[in-house]
Structures are given as structure tokens and as C-alpha cells.
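Worksheet: the structure to be examined is printed underneath.
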Amino acid sequence: MRTQPTRCRLSALTLATALFALPSSAGPQTAALDVARPAQPSAPLSPLVFESVSNEPATPAVHKLRIANPGASKSGWKASASAPWLKLTPAEGELEAGASVELEVALVDAQLAALHPGCSIASLEWRLGADAPPSSVPVVLTRGQDGWTHLAPGKDSRVVFVSSSSGDDFFDGRSERLPKRTLAAAIAELRHGYPDWLLLKRGDTWNESLGHWKRSGRSAQEPLVVASYGASDGDDGARPLLRSSEPNSVITLPAGDSPARIDHIALVGLHFAPQSTQRESRSSAVTLLAPMRDVLIEDCEFEGYEVNVTVAATPGRKQNIRLRRNLIRNAYATDGPVGHGIYLEAADQVLIEENLLERNGWNPAVEGATPSVFRHGIYVQSGPDGCTGVLLRGNIIASNSSHGAQLRPGGAALDNLFVDNPIGLLVGGGAEPTEGGVVAVARRNVVLAGRDLDAENPRGWGLAAENLRSGELRSNLIAWGRTEALAFALLLEGNTPGVGLRHVLAIDNVIHDWRGPLRIGGTREQLGPLSLERNRITSSYAAPALVLVADARALASVRWSENSYAGAAAGDAWFTLGEARLDAQAWSVASGEVVGVPPAAPEGGRPTLESYMASLGEPATLEAFLAGARAQSKSNWQPRYTAAAVNAYLRAGFAMR
């Protein structure tokens with residue numbers, strides 16, 4: 001049942017919440033973090049985050065870090081960075097008793113060119129005096145791309161054309177006029193270690209695969225490219241279709257006469273689909289097993305495999321993997337823990353950017369291909385064979401079986417749109433968590449329309465965090481949960497395998513109309529420092545609390561500041577602390593925060609994905625939006641069907657920064 005939210009403002013309390021307030025930003029190019037705050041509870045040392053796209057300058061340009069000497073005598077201090085792309089000014093000095101010094105943390109531009117896209121994580125360490133234990137804070141640098149990747153043949157590239165409709169294997173394949181017919185014959189013309197190009201005619205179909213891939217390019221700047229040419233009938237730019245009867249449409253494996261590693265390859269503008277729904281062995285469109293580096297998969301369509309894209313641990317690691325602007329849809333399985341859009345392990349520096357990941361993990365048209373807790377849109381593994389340096393940026397992740405994305409090894413999730421998933425995004429966690437916890441950043445994501453997995457598995461979780469040694473959840477919008485079960489928009493869970501939640505800041509998030517908005521799970525020992533600041537929580541549901549802290553004693557590890565609340569539930573049921581229900585006044589006494597009121601909704605109410613579509617003059621449905629997203633390609637790129645456009649519309653309607 002939904003009713004109008006009740007709003008309440010309390011008079012200022014004589015509590016010391018102001019002591020824990022973060023310093024304000026020094027402008028759009030400067031962010032500040034003060035580590036000399038009072039304890040009880042202490043402020044989290046959440047990550048310092050730099051964001052960059054393509055060759056644009058990173059933002060902010062500078063972070064500021066304050067070091068204080070709390071002792072009774074003068075002390076020397078020294079600070080250092082673990083990565084060459086970071087610099088500190090100053091890096092050492094002396095502090096009088098009770099004094100502090102402000103350090104500037106900036107990037108070294110000359111070092112950035114050597115970094116791959118993805119998420120780079122370093123740390124700053126400082127100590128007072130030679131014998132004092134060190135303190136540290138993580139630094140996260142995200143590097144995305146903008147637009148399409150520029151690729152062009154080199155002077156000595158061999159360009160081979162292949163057409164199933166007009167080709168002949170007796171042709172030399174060196175021109176559009178004389179293409180090869182079969183993929184096997186065309187691949188035989190390519191050279192290992194050269195920047196050769198294999199071009200498939202748009203609109204053509206092959207009932208064969210690229211098979212066991214054994215050829216590398218020359219370098220990251222001169223990759224071997226498999227792409228397309230020409231225009232299909234009707235000039236609609238349809239991607240060439242590879243309908244494989246084999247388990248893998250393309251696989252790298254250091255076996256037989258294959259080189260020990262495969263590097264510098266790009267798959268661009270191709271469509272992969274299996275010939276049959278009958279599965280005799282585990283299938284994947286792309287399976288990367290060999291040690292590799294510099295892999296680009298862009299503007300491709302994958303559909304109908306048990307796992308559409310697989311990067312697996314055996315037998316070696318992969319570096320610089322970029323999955324950009326692809327359609328990754330309808331992966332499904334009828335048994336086993338498979339059915340993912342993307343499965344990743346043993347990969348370092350991974351960019352997953354501006355893809356559509358839709359309805360992976362289940363298929364209502366195939367008997368037994370039902371949703372399960374084991375099947376996800378994106379599954380990124382942690383632990384000894386886990387991934388590092390993963391950046392999820394600007395993806396549309398919709399209607400998947402269980403999680404939209406599991407980012408178990410940490411990394412960064414920026415500007416994604418999650419819609420109609422039982423669980424939107426998990427950062428950290430997993431049954432085999434990374435030892436010591438991970439560093440994770442989630443910024444400006446939009447999570448909409450959470451739902452149950454099935455009748456036996458109620459879900460509807462928006463954003464969940466587990467096993468973090470440091471993290472930041474900033475400016476995410478979680479709205480319009482659809483499940484009728486008790487769900488959670490923001491689930492901060494310390495009571496799972498791993499270190500709990502340490503040094504985590506949740507700030508400027510908006511939660512709106514989600515049944516069971518915020519839950520903090522875990523004991524006092526499993527949490528903290530954990531800080532919730534300037535979040536806005538509103539709900540028109542009459543029954544659930546706005547905030548649920550499972551263990552009342554854990555409140556001592558959490559600091560609350562400037563959050564605002566409005567709910568339709570009775571005033572004494574907004575907050576649940578252990579077994580106790582608290583009204584706003586009692587909550588303020590227990591938590592130490594002054595309860596605020598969110599801004600009133602604009603006339604006409606808060607925006608939805610449906611109202612976004614109506615604003616375009618299109619049918620006001622999720623299906624109409626996804627139909628537009630499915631039609632995206634390099635030859636037909638429509639910004640209106642991107643996460644960036646939807647998120648900007650929704651965030652503006654919720655008056656978010």
C-alpha cells in the first residue's frame with residue numbers, strides 16, 4: 001500500500017555531528033578529505049577518486065589530504081605514493097604538537113599514457129615519526145573511452161575480404177570484388193604477428209565459426225582486426241552473422257600449433273549466434289583462455305549462448321580487455337551455474353563500457369531455461385583467480401536473471417543504468433571473497449524497477465556492498481522498486497565472508513519508493529568506519545521502515561550526517577534499530593544526526609523511464625526503450641537510447657548533482 005509520505009523536521013540537537021562533517025569541495029577541480037577528525041565514530045578513509053575519459057584531463061585535478069599531529073611534542077612526518085602516476089606536495093616535513101598540514105595529491109600526466117583503460121588502484125601512505133604505524137588511503141583512477149575506437153590498416157597490413165553470398169575460395173580475397181567464400185579459407189591468408197585485417201560482408205551469414213584463433217597483431221597500436229565491410233541489402237548495416245555449430249564461435253587456447261599467447265586483436269561489428277538451442281557442451285561466443293593482452297571487442301552482437309563472452313583463468317592471465325558498445329543478450333542455460341552475459345576471471349585492466357546487457361540467464365521460450373541465483377548479466381570473479389582494475393561505465397543492464405552485475409573484486413561502476421533486475425549491482429562479496437577486502441567505487445548509477453527472482457526467491461535489491469576495505473557509494477539513484485516483498489534499495493552488509501565493511505562512505509544517494517530502502521547488516525566488529533551523509537530517502541509505502549540497522553550495537557560504528565527522510569509509514573516506524581522501532585526524535589538521539597526533510601517533488605511528480613520515453617514522443621514503455629537500445633550500432637548510434645541520456649533525465653528530475 002502506498003500513501004503520501006509524511007515529512008518531519010526536528011529542531012537542531014546539541015549533538016556533535018558538525019565535528020564529523022567533511023570539508024566542502026574547493027571548487028569543481030578540487031576535492032578535500034580531512035583525516036584529522038575526532039573519533040567516536042571515526043571518519044572513513046574512503047578512496048580518493050580521479051575520473052578521466054579518453055585524453056581529457058582527469059577530474060578533480062587535485063585532491064587534498066590533511067595530516068595532523070595529535071601528540072604532545074613536535075614530530076616529523078613522511079608520505080609516499082605506491083604508483084608513479086601519483087605525486088604528493090609536500091611529501092615530508094615536521095609538525096608541532098596539535099598542528100596539521102595539507103597535502104595536494106595530483107596525477108603525473110607523463111605517466112598516464114602507459115595506463116590502460118579501466119580502473120587503476122594505488123595507495124597513499126604516511127606516518128608521524130619513525131616508530132609510528134603507517135596510515136593509508138586508496139587512490140582510484142578510472143579511464144574510460146569516448147566514441148568509437150579508431151582503427152585503420154597499416155602500410156603493410158594484408159586485408160582479406162570474405163563473402164558467403166558472392167565469394168569463392170578460388171579468389172585471392174584481396175578486394176571486395178574477389179572475396180573468399182568461407183571463413184576458414186580467409187583466415188588462412190592472415191599472418192601471425194602482423195596488423196592484418198579480415199573483413200566479412202555485412203548482411204551475409206556463415207554456418208561456421210572463427211574457430212581456434214592462433215594469430216596475434218603486431219602491437220596495441222597495430223592490432224589484427226576482424227571486422228566488416230560493405231552495406232547489406234536495404235543499406236541497414238546489418239552485422240555479418242556467424243552461426244556456429246561448435247561450442248565456441250572463437251576460442252584462444254595455447255594447444256596444438258597455437259602460439260603460447262595471443263595478443264593485440266580486435267573483433268568489431270560482428271554478430272554471433274549458435275545454430276541450435278540444443279546444448280551438448282558448454283557454449284560461448286567468445287572464449288579467451290590463452291594468456292593475452294590488448295583485446296578489443298566493440299560493436300558486436302552476442303545472443304543465445306550459455307555464456308556470451310567468457311574470459312577464464314586457464315591457463316594464464318589476460319590484460320587490457322575492452323568490451324565496448326556491444327549487444328550482449330539472451331544467454332541462457334537449462335542446468336548448471338552458467339547463463340551469464342559476461343563471465344570474467346584472471347583479467348587485469350578491464351573496461352566494460354556502453355554495452356546493452358539484456359535478459360541474460362533465462363529464456364522463456366526454452367523449456368527449463370528459467371532464472372536462478374547462479375545466472376547474471378555480468379559476473380566478475382574475485383579471489384586468487386579473480387580480476388583487477390575493472391571499470392563498468394555507461395552500460396544498460398536490464399532484465400537479467402539474478403544480478404545485473406557482480407563486481408566481486410571491486411573496481412569502479414560509473415554512470416550505469418540498471419533496470420528490472422532482481423539485484424542491480426553488487427560490489428565486493430562472493431563466497432570466496434578477496435582476502436583482506438577490496439576497494440570499490442559506485443558513482444552516479446541509476447537503478448530502477450527491482451523485481452523478484454521468482455515466486456520462491458523474493459529479491460528487489462538495488463545496490464549491495466560486501467567485503468570492502470575501502471569504498472565510496474556516491475550520487476546513485478535507486479527508485480521505483482516493483483517487488484511486493486521486503487526488499488532493500490541500499491544493502492550495506494558486513495555479516496558476509498570477508499572483512500566486513502571498512503572505510504565506506506555513502507553520500508548524496510537518492511532512494512525513492514523502494515520497499516525497505518536502507519539496510520545495514522553486521523555487528524559492530526564487522527562494520528566501520530562507515531559513514532552515511534546527505535542521502536535522501538523517501539517512500540510512499542505504508543509498511544516498511546526507511547532505515548533498518550540489524551544489530552543495535554553496530555550503530556556505534558556508523559556515523560550519520562545531514563540525511564533526510566520522508567515516509568508514508570507511521571512516524572514511529574521510520575527507523576528500526578535491532579528489534580526496536582524508533583520515531584525521528586528517538587533516531588536522532590540514537591544516531592546523533594539532525595533529521596532533515598528532502599526537497600518536495602516537482603509539480604507532476606518524479607520522473608520515470610516511461611516518462612522519459614514519452615518526452616521523446618515514443619511509446620512510454622520499457623520495451624520501447626530496450627527495442628531502441630537493441631538497434632544500436634556504429635552505423636545507427638542514437639544517443640537517446642543510451643544510459644547517459646536516461647540517467648541525465650532522471651537525475652535532473654530528482655534534483656541530483
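By convention in this document, the chains of the C-alpha cells carry letters A, B, ... by their order, each chain's residues are numbered from 1, and ligands are numbered from 1 in the order they are shown.
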Just the residues within 10 Å of A:Leu210, please, counting only C-alpha atoms, with nothing from its chain fewer than 6 positions along; format it as a CSV table (one decimal) with C-alpha atoms, in the first residue's frame.
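What landed in out-v4.csv:
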```csv
chain,number,residue,atom,x,y,z
A,183,LEU,CA,35.9,-18.1,-43.1
A,184,ALA,CA,38.4,-20.9,-43.0
A,187,ILE,CA,41.7,-16.9,-42.1
A,226,VAL,CA,38.3,-8.9,-37.7
A,242,LEU,CA,28.3,-16.2,-37.6
A,244,SER,CA,28.3,-21.7,-35.1
A,248,ASN,CA,32.8,-21.7,-29.2
A,249,SER,CA,32.5,-19.4,-32.1
A,250,VAL,CA,36.0,-18.2,-31.4
A,251,ILE,CA,38.4,-19.5,-28.8
A,285,ALA,CA,30.5,-17.0,-28.5
A,286,VAL,CA,34.0,-15.8,-27.4
```
For stretch 629-640 of chain A, work out the shell of residues within 12 Å, counting only C-alpha atoms and skipping chain neighbours fewer than 6 positions away, then give it as a ChimeraX atom specification.
/A:147-150,202,227-232,235-239,268-271,298-303,324-330,354-359,394-398,609,612-613,615-618,622-623,646-649
Since we have the selection now, will you write its residues out, keeping C-alpha atoms, as a short mmCIF file (atom, residue, chain, number, x, y, z; two decimals), in the first residue's frame?
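Final output, saved to part-v7.cif:
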```
data_model
loop_
_atom_site.label_atom_id
_atom_site.label_comp_id
_atom_site.auth_asym_id
_atom_site.auth_seq_id
_atom_site.Cartn_x
_atom_site.Cartn_y
_atom_site.Cartn_z
CA GLY A 147 33.05 7.50 -29.00
CA TRP A 148 34.23 4.70 -31.27
CA THR A 149 37.71 3.23 -31.29
CA HIS A 150 39.67 4.46 -34.30
CA ARG A 202 27.63 -7.08 -43.90
CA ALA A 227 35.53 -6.52 -38.83
CA SER A 228 33.04 -5.94 -41.68
CA TYR A 229 32.70 -4.17 -45.00
CA GLY A 230 30.06 -3.07 -47.46
CA ALA A 231 26.36 -2.50 -46.93
CA SER A 232 23.72 -5.19 -46.55
CA ASP A 235 21.61 -0.45 -46.52
CA ASP A 236 20.62 -1.11 -42.91
CA GLY A 237 24.16 -2.00 -41.91
CA ALA A 238 23.29 -5.45 -40.54
CA ARG A 239 26.30 -7.09 -38.95
CA VAL A 268 34.44 -5.29 -34.39
CA GLY A 269 30.92 -5.19 -35.84
CA LEU A 270 30.14 -8.95 -35.87
CA HIS A 271 27.03 -10.93 -34.89
CA GLU A 298 33.34 -3.47 -29.99
CA ASP A 299 30.01 -3.05 -31.80
CA CYS A 300 29.35 -6.81 -31.77
CA GLU A 301 26.11 -8.65 -31.04
CA PHE A 302 26.09 -11.83 -28.95
CA GLU A 303 22.97 -13.86 -28.27
CA ARG A 324 32.54 -1.58 -25.72
CA ARG A 325 29.17 -0.77 -27.24
CA ASN A 326 28.13 -4.37 -27.78
CA LEU A 327 24.70 -6.02 -27.59
CA ILE A 328 25.05 -8.94 -25.16
CA ARG A 329 21.69 -10.65 -24.87
CA ASN A 330 19.74 -13.80 -24.16
CA GLU A 354 28.28 1.41 -23.01
CA ASN A 355 27.05 -2.10 -23.72
CA LEU A 356 23.49 -3.39 -23.60
CA LEU A 357 23.26 -6.49 -21.39
CA GLU A 358 19.68 -7.71 -21.57
CA ARG A 359 17.84 -10.83 -20.36
CA GLY A 394 27.69 3.71 -19.05
CA ASN A 395 26.12 0.29 -19.60
CA ILE A 396 22.41 -0.54 -19.85
CA ILE A 397 21.88 -3.68 -17.76
CA ALA A 398 18.28 -4.90 -17.97
CA LEU A 609 11.86 5.66 -17.60
CA TYR A 612 11.49 9.72 -20.44
CA MET A 613 10.20 7.79 -23.44
CA SER A 615 9.24 13.05 -23.59
CA LEU A 616 10.76 11.71 -26.83
CA GLY A 617 7.34 11.16 -28.38
CA GLU A 618 7.86 7.40 -28.19
CA LEU A 622 10.46 -0.17 -21.00
CA GLU A 623 10.13 -2.46 -24.02
CA VAL A 646 18.23 8.33 -19.46
CA ASN A 647 20.32 8.93 -16.36
CA ALA A 648 20.65 12.65 -17.06
CA TYR A 649 16.87 12.97 -17.43
#
```
Write out as CSV a residue-level contact list of stretch 629-655 of chain A versus stretch 585-599 of chain A with cut-off 12 Å: for each qualifying residue the closest pair of atoms and the distance in Å to one decimal, counting only C-alpha atoms, rows sorted by chain and residue number upward.
```
residue,atom,partner,partner_atom,distance
A:Gly653,CA,A:Pro599,CA,11.4
A:Phe654,CA,A:Pro599,CA,8.9
A:Ala655,CA,A:Pro599,CA,8.5
```
Would you pick out the contacts of A:Ala255 at 12 Å or less, using only C-alpha atoms, so that residues sharing its chain but fewer than 6 positions from it are not included, and give the list as a PyMOL selection string?
chain A and resi 212-214+261-262+289-291+314-315
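Between atom CA of A:Asn535 and atom CA of A:Leu65 there is a distance of 23.7 Å.
Taking only stretch 176-268 of chain A, the residues that DSSP calls alpha helix (DSSP H) from the backbone come to A:Leu183, A:Ala184, A:Ala185, A:Ala186, A:Ile187.
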Please save N, CA, C and O atoms of the selected residues as a CSV table (one decimal), in the first residue's frame.
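After the write, again23.csv holds the following:
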```csv
chain,number,residue,atom,x,y,z
A,183,LEU,N,35.0,-18.7,-44.1
A,183,LEU,CA,35.9,-18.1,-43.1
A,183,LEU,C,37.2,-18.8,-43.0
A,183,LEU,O,38.3,-18.2,-42.8
A,184,ALA,N,37.2,-20.2,-43.1
A,184,ALA,CA,38.4,-20.9,-43.0
A,184,ALA,C,39.4,-20.5,-44.0
A,184,ALA,O,40.6,-20.4,-43.8
A,185,ALA,N,39.0,-20.4,-45.3
A,185,ALA,CA,39.9,-20.0,-46.4
A,185,ALA,C,40.4,-18.6,-46.2
A,185,ALA,O,41.6,-18.3,-46.5
A,186,ALA,N,39.6,-17.7,-45.7
A,186,ALA,CA,40.0,-16.3,-45.5
A,186,ALA,C,41.0,-16.2,-44.3
A,186,ALA,O,42.0,-15.5,-44.4
A,187,ILE,N,40.8,-17.0,-43.2
A,187,ILE,CA,41.7,-16.9,-42.1
A,187,ILE,C,43.0,-17.5,-42.4
A,187,ILE,O,44.1,-17.0,-41.9
```
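A straight line drawn from atom CA of A:Val427 to atom CA of A:Leu492 is 10.1 Å long.
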Show me, as a ChimeraX atom specification, the residues that have an atom within 12 Å of A:Asp294 when counting only C-alpha atoms, minus same-chain residues fewer than 5 positions from it.
/A:116-117,216-225,261-267,317-323,347-351
Min atom-atom distance to A:Pro179 from the set A:Leu448, A:Val549, A:Leu200, A:Ala369, counting only C-alpha atoms, belongs to A:Leu200
